[in-house]
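Q: Got a structure for you, questions after.
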Amino acid sequence: MIIERADIIRVKNPFRFPFETAFTKFVERDALLVKLYSEDTAGYGECKAFFAPLYCPEDNGTALHIISKYLIPEILHKDISGPEEFIEKTSYIRGNNLAVAAVENALWEIKRKKENKSLKTLIGGVYDQVKVGVSLGIEPTIKDLLEKIEKYLGEGYHRTKIKIKPGWDYEVVKEVRKHYPDITLTIDANSAYTLKDIDLFKSFDEFNLKYIEQPLGENDIIDHSVLQKEIETPICLDESIESVEDARQAIELGSCKVINIKSSRCRGIVESIKIHDLCQDHGIPVWCGGMTELGIGRVQNISLASLPNFTLAHDIAASDRYFDKDITIPEVKISKDCTIAVPDETNGVDYEVDEEAIDRMMVERHIFK
Ligand code: OSB
Ligand code: MG
């Protein structure tokens, strides 16, 4: 495929409700989209960076820089066979996984359109539907959180994840468990603790959590291996896993029993499949994480989650969990049984990009020809 033009489009889409994590309170999705043009086809990719380097070292500014200066020149007016070759050609770029994954996402879109196949078919997905859960932020009061849980249980989400941070942890989980003794419950600390908090993590064992996500440092696998040996509850790594090599080390050290795969954090689908396969070989279940993404990224996540070892509920919510208006037609919706259908050439499920919605949300556009 020859790429004749590339656009980077920055959009802002307000959240329906603020979403607070241990590291910031989000009020909107401020995102970069990459649109690649190849002959009569165009493919979009979504960059999952945020407005600031809070979740990982990248932000929208660094991603714009890396995509413009290094990634687009590698493909513009060049004949490239597809996403795998792109990943190969850009392997000299250290880090900057969110930027690389955005361009890779767009290349997968072009490839699937040219070959008239779904992403699920291209990567060897097996599920027709994927199970989804909801990620709930830190709320002003426990009462507010309980109301949110009630709302989303009512909508059918059957795995509830709650964000914790120092000062919003033990008492909150205890209250939630008291009200909902039987729901599938997980907590996500987004790296807000250290091994000094080991007693707190031991105390969570009484709550029968499915797993605890990323309790310790974002680059750490050593301390997580110490913690995992001290607690019953499985640890699920998120931030700490950026490559198959990270996953191998975490598995060998016993740092986790579950892995959350975000294709963006792991440099794209090509590397995510390797992590998926390694985890499958080692009996480590995986699930697809989210970055409060817009529809383009959300739909790609649905397809990735169709791989066989994605057995736990995913952070792939309906578009309306975050937005009044999303950028795909149709928007992402969940069915009553709390699943989302995976786009496939045999079931007629397909999503188009809503160009008009993007135009309305656009704050800047950079064109490379
Ligand atoms: O740690 O999983 C996380 C959102 C932004 C950054 C990090 C995380 C999250 C979420 C939300 O938990 C998942 C989603 O609904 O997209
Ligand atoms: Mg997480």
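In the structure tokens, chains take the letters A, B, ... in the order shown, each chain's residues start at 1, and ligands count up from 1 in the order shown.
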As a PyMOL selection string, please: every residue in segment 113-336 of chain A that a backbone DSSP assignment puts in alpha helix (DSSP H).
A: chain A and resi 113-115+119-123+142-155+170-179+198-203+222-230+244-253+269-281+295-304
Q: What do you get as a short mmCIF file (atom, residue, chain, number, x, y, z; two decimals) with N, CA, C and O atoms, in the first residue's frame if you pick all residues at most 7 Å from ligand 2, counting only C-alpha atoms and all ligand atoms?
A:
```cif
data_model
loop_
_atom_site.label_atom_id
_atom_site.label_comp_id
_atom_site.auth_asym_id
_atom_site.auth_seq_id
_atom_site.Cartn_x
_atom_site.Cartn_y
_atom_site.Cartn_z
N ASP A 188 -8.52 -0.73 40.95
CA ASP A 188 -7.38 -0.28 40.15
C ASP A 188 -6.72 0.89 40.86
O ASP A 188 -7.33 1.95 41.05
N ASN A 190 -3.75 2.34 39.83
CA ASN A 190 -2.92 3.16 38.93
C ASN A 190 -1.59 3.57 39.58
O ASN A 190 -1.23 4.76 39.59
N GLU A 213 -5.65 -4.28 40.28
CA GLU A 213 -4.91 -3.80 39.11
C GLU A 213 -3.84 -2.78 39.51
O GLU A 213 -4.13 -1.83 40.25
N GLN A 214 -2.64 -3.01 39.02
CA GLN A 214 -1.50 -2.09 39.12
C GLN A 214 -1.39 -1.37 40.47
O GLN A 214 -1.46 -0.15 40.54
N ASP A 238 -1.07 -3.53 34.58
CA ASP A 238 -1.51 -2.65 33.48
C ASP A 238 -0.27 -1.85 33.05
O ASP A 238 0.50 -2.30 32.16
N GLU A 239 -0.01 -0.71 33.70
CA GLU A 239 1.08 0.18 33.32
C GLU A 239 2.43 -0.53 33.14
O GLU A 239 3.22 -0.15 32.25
N GLY A 289 -7.90 -3.57 28.24
CA GLY A 289 -8.06 -2.35 29.02
C GLY A 289 -8.53 -1.20 28.15
O GLY A 289 -8.54 -1.29 26.92
#
```
Q: Write as JSON, numbers by chain the residues around ligand 1, taking 10 Å as the cut-off and counting only C-alpha atoms and all ligand atoms.
A: {"A": [19, 20, 21, 22, 23, 24, 25, 26, 48, 49, 50, 54, 55, 56, 132, 133, 134, 135, 136, 137, 161, 162, 163, 187, 188, 189, 190, 191, 213, 214, 237, 238, 239, 260, 261, 262, 288, 289, 290, 291, 292, 293, 294, 297, 298, 314, 315, 316, 317, 318, 319, 321, 322]}
Q: Counting only C-alpha atoms, which of A:Ile221, A:Asp281, A:Asp205, A:Ile241 gets nearest to Leu253 of chain A?
A: A:Ile221
Q: In terms of the shortest atom-to-atom distance over only C-alpha atoms, which of A:Ile93, A:Cys256, A:Val353, A:Ile275 is closest to Ala42 of chain A?
A: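 Selected residue with least distance to Ala42 of chain A: A:Val353.
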Q: Hey, can you check how far atom CA of Lys174 of chain A sits from atom CA of Val27 of chain A?
A: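 Atom-to-atom, atom CA of Lys174 of chain A to atom CA of Val27 of chain A, that is 27.6 Å.
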